[in-house]
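**Student:** Coordinates in upload.txt, compact mmCIF, C-alpha atoms, are listed below.
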# COMPACT_ATOMS: atom_id res chain seq x y z
CA MET A 177 -70.91 136.94 -6.46
CA THR A 178 -70.69 133.18 -5.93
CA LEU A 179 -68.16 132.04 -3.33
CA TYR A 180 -66.65 128.91 -4.83
CA PRO A 181 -65.41 126.10 -2.52
CA ASN A 182 -61.72 126.85 -3.07
CA ILE A 183 -60.70 128.65 0.10
CA ILE A 184 -57.47 129.86 1.67
CA TYR A 185 -58.03 130.79 5.32
CA HIS A 186 -55.55 132.36 7.76
CA ALA A 187 -56.64 131.69 11.33
CA ASP A 188 -54.52 134.42 12.95
CA THR A 189 -56.08 137.28 10.97
CA GLY A 190 -59.33 135.76 9.68
CA ILE A 191 -58.32 136.44 6.05
CA GLU A 192 -60.38 134.41 3.58
CA VAL A 193 -59.33 134.12 -0.07
CA PHE A 194 -61.84 132.51 -2.45
CA LEU A 195 -60.49 131.28 -5.79
CA ASP A 196 -63.08 131.39 -8.58
CA SER A 197 -61.96 128.12 -10.13
CA LEU A 198 -59.14 125.61 -10.24
CA GLN A 199 -58.23 124.22 -13.66
CA ARG A 200 -55.33 122.07 -12.51
CA ILE A 201 -54.31 120.52 -9.19
CA GLY A 202 -50.95 118.80 -8.94
CA ASN A 203 -50.47 116.56 -5.88
CA VAL A 204 -46.89 115.52 -5.17
CA ARG A 205 -45.62 113.15 -2.47
CA TYR A 206 -42.34 111.26 -2.33
CA ALA A 207 -40.26 109.08 -0.04
CA ASP A 208 -36.47 109.23 0.27
CA VAL A 209 -35.71 105.62 -0.72
CA VAL A 210 -32.05 104.63 -0.26
CA ASP A 211 -30.43 101.80 -2.25
CA TYR A 212 -27.70 99.72 -0.64
CA HIS A 213 -25.98 96.35 -1.01
CA GLY A 214 -26.38 93.90 1.84
CA SER A 215 -23.09 93.17 3.58
CA GLY A 216 -23.88 89.46 3.86
CA ASP A 217 -25.18 88.54 0.44
CA GLY A 218 -24.30 91.61 -1.63
CA ASN A 219 -27.84 91.86 -2.97
CA LEU A 220 -29.36 95.27 -3.75
CA LYS A 221 -31.81 96.34 -1.05
CA THR A 222 -33.66 99.50 -0.08
CA PHE A 223 -34.88 101.34 2.98
CA ILE A 224 -36.91 104.52 3.47
CA ARG A 225 -34.86 107.25 5.13
CA SER A 226 -37.80 109.66 5.38
CA GLN A 227 -41.06 110.66 3.73
CA GLY A 228 -41.06 114.00 2.04
CA PRO A 229 -43.76 116.62 2.66
CA ARG A 230 -46.98 116.67 0.68
CA SER A 231 -47.07 119.47 -1.84
CA MET A 232 -49.52 120.86 -4.38
CA THR A 233 -49.50 123.12 -7.40
CA LEU A 234 -52.80 124.93 -7.84
CA GLU A 235 -53.60 126.62 -11.13
CA GLY A 236 -56.78 128.66 -11.21
CA LYS A 237 -58.26 132.05 -11.88
CA ILE A 238 -59.69 134.99 -9.99
CA SER A 239 -62.01 137.75 -11.09
CA THR A 240 -60.25 140.97 -12.03
CA ASP A 241 -62.74 142.72 -9.71
CA ASN A 242 -60.90 141.14 -6.76
CA GLU A 243 -57.42 140.90 -8.25
CA ASN A 244 -55.70 143.70 -6.34
CA THR A 245 -57.12 142.69 -2.96
CA ILE A 246 -56.27 139.00 -3.45
CA ARG A 247 -52.75 139.83 -4.67
CA ARG A 248 -52.08 141.86 -1.51
CA GLN A 249 -53.59 139.16 0.71
CA LEU A 250 -51.50 136.40 -0.86
CA ASN A 251 -48.34 138.51 -0.66
CA TYR A 252 -49.01 138.86 3.06
CA LEU A 253 -49.73 135.13 3.46
CA ILE A 254 -46.57 133.85 1.75
CA GLY A 255 -44.86 131.52 4.24
CA GLU A 256 -47.70 131.77 6.78
CA GLN A 257 -49.60 128.68 7.88
CA VAL A 258 -53.04 128.66 6.28
CA TYR A 259 -55.93 126.29 5.75
CA ILE A 260 -56.32 125.14 2.14
CA MET A 261 -59.83 123.86 1.31
CA MET A 262 -60.84 122.45 -2.06
CA GLY A 263 -64.43 121.36 -2.49
CA ALA A 264 -63.98 119.40 -5.72
CA GLU A 265 -61.24 117.32 -4.09
CA GLU A 266 -63.08 117.08 -0.73
CA LEU A 267 -59.69 118.01 0.71
CA ALA A 268 -58.59 120.27 3.56
CA THR A 269 -55.07 120.69 4.86
CA LEU A 270 -52.85 123.02 6.81
CA ALA A 271 -50.20 124.39 4.47
CA LYS A 272 -47.75 127.16 3.65
CA ILE A 273 -47.76 129.01 0.33
CA ARG A 274 -44.24 128.84 -1.06
CA SER A 275 -44.91 131.03 -4.09
CA CYS A 276 -47.73 132.64 -6.05
CA ALA A 277 -47.70 133.93 -9.62
CA PHE A 278 -50.18 136.38 -11.14
CA ASN A 279 -50.37 136.78 -14.91
CA LYS A 280 -52.22 139.95 -15.83
CA ALA A 281 -55.63 139.20 -17.25
CA VAL A 282 -56.80 139.37 -20.80
CA GLY A 283 -60.52 139.59 -20.20
CA THR A 284 -62.37 139.39 -16.90
CA TYR A 285 -60.21 136.80 -15.10
CA THR A 286 -56.59 136.66 -13.99
CA PRO A 287 -54.70 133.33 -14.01
CA LEU A 288 -53.11 132.40 -10.69
CA THR A 289 -50.59 129.69 -9.82
CA LEU A 290 -49.83 128.68 -6.23
CA ASP A 291 -47.02 126.41 -5.05
CA VAL A 292 -48.09 124.96 -1.70
CA VAL A 293 -46.24 122.84 0.88
CA CYS A 294 -48.63 120.94 3.13
CA ASP A 295 -48.31 120.57 6.90
CA GLY A 296 -49.57 117.49 8.72
CA SER A 297 -48.72 113.95 7.73
CA SER A 298 -52.08 113.17 6.07
CA GLU A 299 -54.93 114.91 4.27
CA GLY A 300 -58.03 116.22 5.98
CA GLN A 301 -61.58 116.50 4.68
CA PHE A 302 -63.67 119.42 3.38
CA TRP A 303 -67.46 119.55 2.96
CA ASP A 304 -69.74 122.38 1.93
CA GLY A 305 -72.70 123.01 4.22
CA THR A 306 -75.04 120.79 2.24
CA ASP A 307 -72.66 117.82 2.06
CA TYR A 308 -73.84 115.78 5.04
CA PHE A 309 -75.09 112.36 6.11
CA SER A 310 -78.20 113.63 7.92
CA THR A 311 -79.75 116.66 9.62
CA SER A 312 -82.42 117.41 12.22
CA ASN A 313 -84.60 120.56 12.30
CA CYS A 314 -82.61 122.22 9.54
CA ALA A 315 -83.38 123.87 6.21
CA VAL A 316 -81.24 124.32 3.10
CA GLU A 317 -81.44 127.93 1.91
CA SER A 318 -79.95 130.29 -0.66
CA ASP A 319 -77.22 132.41 0.92
CA ASP A 320 -74.96 134.77 -1.05
CA ASP A 321 -72.45 134.91 1.81
CA SER A 322 -72.00 131.14 1.94
CA VAL A 323 -69.95 128.67 -0.07
CA ASN A 324 -71.68 127.83 -3.37
CA GLY A 325 -74.44 130.30 -2.46
CA ILE A 326 -76.17 127.77 -0.18
CA SER A 327 -76.18 127.19 3.57
CA VAL A 328 -77.93 124.98 6.10
CA ARG A 329 -80.02 126.87 8.66
CA LEU A 330 -80.24 125.32 12.15
CA TYR A 331 -83.26 126.87 13.85
CA GLN A 332 -84.26 124.88 16.96
CA SER A 333 -82.53 123.72 20.12
CA GLY A 334 -80.71 120.54 19.23
CA SER A 335 -80.82 121.14 15.46
CA TYR A 336 -77.79 119.47 13.94
CA VAL A 337 -75.89 118.56 10.81
CA ARG A 338 -73.68 115.48 10.93
CA ASN A 339 -71.29 113.51 8.79
CA PHE A 340 -69.23 110.34 9.24
CA VAL A 341 -65.72 109.22 8.38
CA LYS A 342 -64.65 105.62 8.88
CA GLN A 343 -61.29 105.53 10.64
CA SER A 344 -58.48 103.96 8.63
CA GLU A 345 -54.79 104.49 8.04
CA TRP A 346 -55.52 106.53 4.90
CA THR A 347 -58.69 108.47 5.75
CA LEU A 348 -58.38 109.30 9.47
CA PRO A 349 -55.14 107.84 10.84
CA ALA A 350 -54.28 108.18 14.52
CA GLY A 351 -53.05 111.67 15.35
CA ASP A 352 -54.05 115.23 16.21
CA TYR A 353 -56.61 117.22 14.22
CA ILE A 354 -58.74 120.37 14.11
CA PHE A 355 -62.47 120.15 13.31
CA PHE A 356 -63.62 123.45 11.76
CA ALA A 357 -66.91 124.98 10.66
CA ARG A 358 -67.64 128.21 8.79
CA VAL A 359 -70.78 129.45 10.52
CA VAL A 360 -72.75 132.54 11.45
CA ASP A 361 -74.80 132.90 14.63
CA GLN A 362 -77.45 135.45 13.65
CA TYR A 363 -77.98 137.05 17.08
CA ASN A 364 -74.66 136.23 18.73
CA ILE A 365 -76.17 134.04 21.43
CA THR A 366 -73.59 132.94 23.98
CA ASP A 367 -72.51 129.30 23.56
CA GLU A 368 -75.03 128.85 20.76
CA ILE A 369 -72.89 126.60 18.55
CA THR A 370 -71.55 123.19 19.55
CA LEU A 371 -68.90 121.27 17.63
CA GLU A 372 -68.65 117.59 18.53
CA VAL A 373 -66.52 114.67 17.38
CA ARG A 374 -67.76 111.28 18.59
CA ASN A 375 -66.85 107.62 18.19
CA TYR A 376 -70.23 106.51 16.88
CA ILE A 377 -69.63 102.79 17.39
CA ASP A 378 -68.56 103.11 21.05
CA ASP A 379 -70.88 106.11 21.65
CA THR A 380 -68.07 108.05 23.33
CA ALA A 381 -67.26 111.72 22.86
CA ILE A 382 -63.79 112.34 21.44
CA ALA A 383 -64.07 116.14 21.80
CA SER A 384 -66.78 118.77 22.21
CA ASP A 385 -67.02 122.51 22.90
CA THR A 386 -69.41 125.46 22.50
CA TYR A 387 -68.86 128.72 20.62
CA THR A 388 -70.31 132.15 19.93
CA THR A 389 -69.71 134.11 16.72
CA THR A 390 -69.25 137.76 17.68
CA MET A 391 -69.01 139.63 14.40
CA GLY A 392 -71.82 142.06 15.26
CA GLU A 393 -75.58 141.74 15.62
CA ILE A 394 -76.60 144.22 12.92
CA PHE A 395 -74.47 142.74 10.15
CA PRO A 396 -73.46 139.25 11.28
CA GLU A 397 -70.67 137.66 9.27
CA TYR A 398 -69.43 134.15 8.79
CA ALA A 399 -66.54 133.07 10.98
CA PHE A 400 -64.57 129.87 11.49
CA VAL A 401 -64.90 128.04 14.79
CA LYS A 402 -62.42 125.26 15.56
CA LEU A 403 -62.17 122.22 17.84
CA ASP A 404 -59.00 120.23 18.61
CA PHE A 405 -59.41 116.46 18.71
CA THR A 406 -57.26 113.32 18.75
CA ILE A 407 -57.79 109.96 17.08
CA ASP A 408 -56.11 107.05 18.89
CA SER A 409 -56.13 103.25 19.07
CA ALA A 410 -59.57 103.24 20.75
CA ASP A 411 -61.01 104.50 17.44
CA ASP A 412 -59.41 101.87 15.17
CA GLY A 413 -61.78 100.97 12.34
CA ASP A 414 -64.75 102.79 13.90
CA ASP A 415 -67.13 105.33 12.38
CA VAL A 416 -66.27 108.82 13.64
CA GLN A 417 -69.15 111.31 13.70
CA PHE A 418 -68.67 115.04 13.08
CA LYS A 419 -71.55 117.20 14.26
CA VAL A 420 -72.51 120.92 14.26
CA ILE A 421 -75.35 121.65 16.70
CA LYS A 422 -77.54 124.64 17.59
CA ASN A 423 -77.13 124.51 21.32
CA THR A 424 -79.74 126.73 23.04
CA SER A 425 -83.50 127.26 22.98
CA ASN A 426 -83.12 130.98 22.17
CA VAL A 427 -84.89 132.30 19.08
CA ASN A 428 -81.96 132.35 16.69
CA ASN A 429 -80.58 130.93 13.45
CA VAL A 430 -77.20 129.28 12.95
CA TYR A 431 -76.08 129.06 9.32
CA LEU A 432 -73.50 126.47 8.30
CA GLY A 433 -71.65 127.10 5.04
CA ALA A 434 -68.62 124.81 5.16
CA TRP A 435 -66.95 122.34 7.53
CA GLY A 436 -64.30 119.66 7.75
CA PHE A 437 -61.05 118.81 9.51
CA VAL A 438 -57.28 119.11 9.06
CA ARG A 439 -54.37 117.08 10.44
CA THR A 440 -52.01 119.06 12.70
CA ASP A 441 -49.15 116.61 13.40
As structure tokens, please, write out the structure in this file.

**Tutor:**
Amino acid sequence: MTLYPNIIYHADTGIEVFLDSLQRIGNVRYADVVDYHGSGDGNLKTFIRSQGPRSMTLEGKISTDNENTIRRQLNYLIGEQVYIMMGAEELATLAKIRSCAFNKAVGTYTPLTLDVVCDGSSEGQFWDGTDYFSTSNCAVESDDDSVNGISVRLYQSGSYVRNFVKQSEWTLPAGDYIFFARVVDQYNITDEITLEVRNYIDDTAIASDTYTTTMGEIFPEYAFVKLDFTIDSADDGDDVQFKVIKNTSNVNNVYLGAWGFVRTD
């Protein structure tokens, strides 16, 4: 079964919900604009009292083979903070599901509608494993357990996949974020995976840490690893590099299936 790049992920429990397709995505954002008359000249003026939260309506479908499991998972996740990742939109965000509606299927798919309220003041970014600027000592391979059925295999010490985002007020505004990657470390080597965020122009590390996926050596499974980082005035207008690295010289494979970042403040 293909895992499509429409993912709901709950960090506290590790629940992953994959939506088979999205037919409609409604993005809503508003500001509370107040009208008033100036006391001096009496002219009509405005000011912004506050900016409302980002919200989305997602209309898609799920296979009836997974319907009962996904219904129970979404019922559990109502009101919980989750990661929403949408490959076609290249969008990732922290969010809360306000409501979900299942309409019983006629055929092999069940329509699903989600009403989502986004956390964080700006959008994040989502990439599948093969959406990158460059790699070193890596191979793209078929992988049924990965997003879109494809992953990038990092197989030597220092193997990496990297991407860039140019800092701006609308793509990576100053604030706090989480860099995430959906990866599997085949032999559970300690500190095998490094996540790094770097100001590429200044050649300074913004954040970096090492990780081990510990889902079991016999049947390793994908897991999300996460790195907190902060963008500030020192990064204004610069290219910010996101990098996933195989860290050790041990004989091992690290598979990258999806990655990106979300805003947390």

**Student:** Kindly give the distance, in Å, that separates atom CA of A:Pro287 and atom CA of A:Leu267, rounded to a single decimal.

**Tutor:**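 According to the coordinates, atom CA of A:Pro287 and atom CA of A:Leu267 are separated by 21.8 Å.
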
**Student:** Excluding same-chain residues fewer than 5 positions from stretch 258-263 of chain A, what lies within 6 Å of it counting only C-alpha atoms, as JSON, numbers by chain?

**Tutor:** {"A": [181, 182, 183, 184, 185, 186, 268, 269, 270, 271]}

**Student:** Any idea what's packed within 6 Å of stretch 303-306 of chain A, counting only C-alpha atoms, ignoring anything in its chain fewer than 2 positions away? Could you give it as a list in words?

**Tutor:**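 Everything that qualifies: Tyr308, Ser327, Val328, Leu432, Gly433, Ala434, Trp435 and Gly436 of chain A.
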
**Student:** Just how far from atom CA of A:Ile191 is atom CA of A:Val430, in Å to one decimal?

**Tutor:** 21.3 Å

**Student:** Residues near stretch 342-348 of chain A, anyone? I mean within 8 Å using all atoms listed in the file, not counting same-chain ones fewer than 3 positions away, as a list in words.

**Tutor:** Ser298, Glu299, Gly300, Ile407, Asp411, Asp412, Gly413, Asp414, Asp415 and Val416 of chain A

**Student:** Restricted to C-alpha atoms, what would the selected residues look like written as a PDB file, keeping the file's coordinate frame?

**Tutor:**
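out_36.pdb was written with the following content:
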ATOM      1  CA  SER A 298     -52.080 113.170   6.070  1.00  0.00           C
ATOM      2  CA  GLU A 299     -54.930 114.910   4.270  1.00  0.00           C
ATOM      3  CA  GLY A 300     -58.030 116.220   5.980  1.00  0.00           C
ATOM      4  CA  ILE A 407     -57.790 109.960  17.080  1.00  0.00           C
ATOM      5  CA  ASP A 411     -61.010 104.500  17.440  1.00  0.00           C
ATOM      6  CA  ASP A 412     -59.410 101.870  15.170  1.00  0.00           C
ATOM      7  CA  GLY A 413     -61.780 100.970  12.340  1.00  0.00           C
ATOM      8  CA  ASP A 414     -64.750 102.790  13.900  1.00  0.00           C
ATOM      9  CA  ASP A 415     -67.130 105.330  12.380  1.00  0.00           C
ATOM     10  CA  VAL A 416     -66.270 108.820  13.640  1.00  0.00           C
TER      11      VAL A 416
END

**Student:** Give me the residues near A:Ile254 as a PyMOL selection string, where near means some atom within 9 Å (using all atoms listed in the file) and where sequence neighbours in that chain fewer than 5 positions away do not count.

**Tutor:** chain A and resi 249+272-276

**Student:** Record the distance separating atom CA of A:Glu256 and atom CA of A:Gly190, expressed in Å with one decimal.

**Tutor:**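 A separation of 12.6 Å between them.
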
**Student:** Which polymer residues have any atom within 10 Å of an atom of A:Ser409, counting all atoms listed in the file, with same-chain residues fewer than 4 positions away left out, as number ranges by chain?

**Tutor:** A: 349-351, 413

**Student:** Which of these, A:Asp378, A:Glu192, A:Glu372, A:Asp307, has the shortest distance to A:Phe356 once you count all atoms listed in the file?

**Tutor:**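 Answer, going by the shortest atom-to-atom distance: A:Glu372.
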
**Student:** How close does each residue of stretch 203-316 of chain A get to stretch 332-341 of chain A, giving the shortest atom pair and distance in Å to one decimal for every residue with an atom at most 8 Å away, counting all atoms listed in the file, sorted by chain and residue number, as a tab-separated table?

**Tutor:**
residue	atom	partner	partner_atom	distance
A:Tyr308	CA	A:Asn339	CA	5.1
A:Phe309	CA	A:Asn339	CA	4.8
A:Ser310	CA	A:Arg338	CA	5.7
A:Thr311	CA	A:Val337	CA	4.5
A:Ser312	CA	A:Ser335	CA	5.2
A:Asn313	CA	A:Ser335	CA	5.0
A:Cys314	CA	A:Ser335	CA	6.3

**Student:** Where's the centre, and what are the edge lengths in Å to one decimal, of a box along x, y and z enclosing all listed atoms of stretch 406-419 of chain A padded 8 Å per side, as AutoDock Vina command-line options?

**Tutor:**
--center_x -63.8 --center_y 109.1 --center_z 16.5 --size_x 31.4 --size_y 32.2 --size_z 24.4

**Student:** When you count all atoms listed in the file, which of these residues is closest to A:Tyr376: A:Arg329, A:Phe418, A:Ser239, A:Phe400?

**Tutor:**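 Of A:Arg329, A:Phe418, A:Ser239, A:Phe400, the one nearest A:Tyr376 is A:Phe418, counting all atoms listed in the file.
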
**Student:** Select all residues near (-75.5, 137.5, 16.0) (cut-off 12 Å, inclusive, file coordinates), counting all atoms listed in the file, and output them as a PyMOL selection string.

**Tutor:** chain A and resi 359-369+387-399+426-431

**Student:** Please determine, counting all atoms listed in the file, which residue among A:Leu195, A:Ile354, A:Cys294, A:Ala410 has the shortest atom-to-atom distance to A:Val438.

**Tutor:** A:Ile354

**Student:** For A:Gly283, which residue among A:Gln301, A:Ile201, A:Leu371, A:Lys237 is the nearest when counting all atoms listed in the file?

**Tutor:**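 Of A:Gln301, A:Ile201, A:Leu371, A:Lys237, the one nearest A:Gly283 is A:Lys237, counting all atoms listed in the file.
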
**Student:** Can you find the residues with an atom no farther than 6 Å from (-37.7, 108.0, 0.7), counting all atoms listed in the file, and report them as a PyMOL selection string?

**Tutor:** chain A and resi 207-209+224-227

**Student:** Compare A:Val401, A:Ala277, A:Ile246, A:Val373 by their minimum atom-to-atom distance to A:Arg358, counting only C-alpha atoms, and give me the closest one.

**Tutor:** A:Val401

**Student:** Select, from A:Ala381, A:Thr233, A:Leu179, A:Gly228, the residue with the minimum atom-to-atom distance to A:Asn324, counting all atoms listed in the file.

**Tutor:**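 Smallest distance to A:Asn324 is found for A:Leu179.
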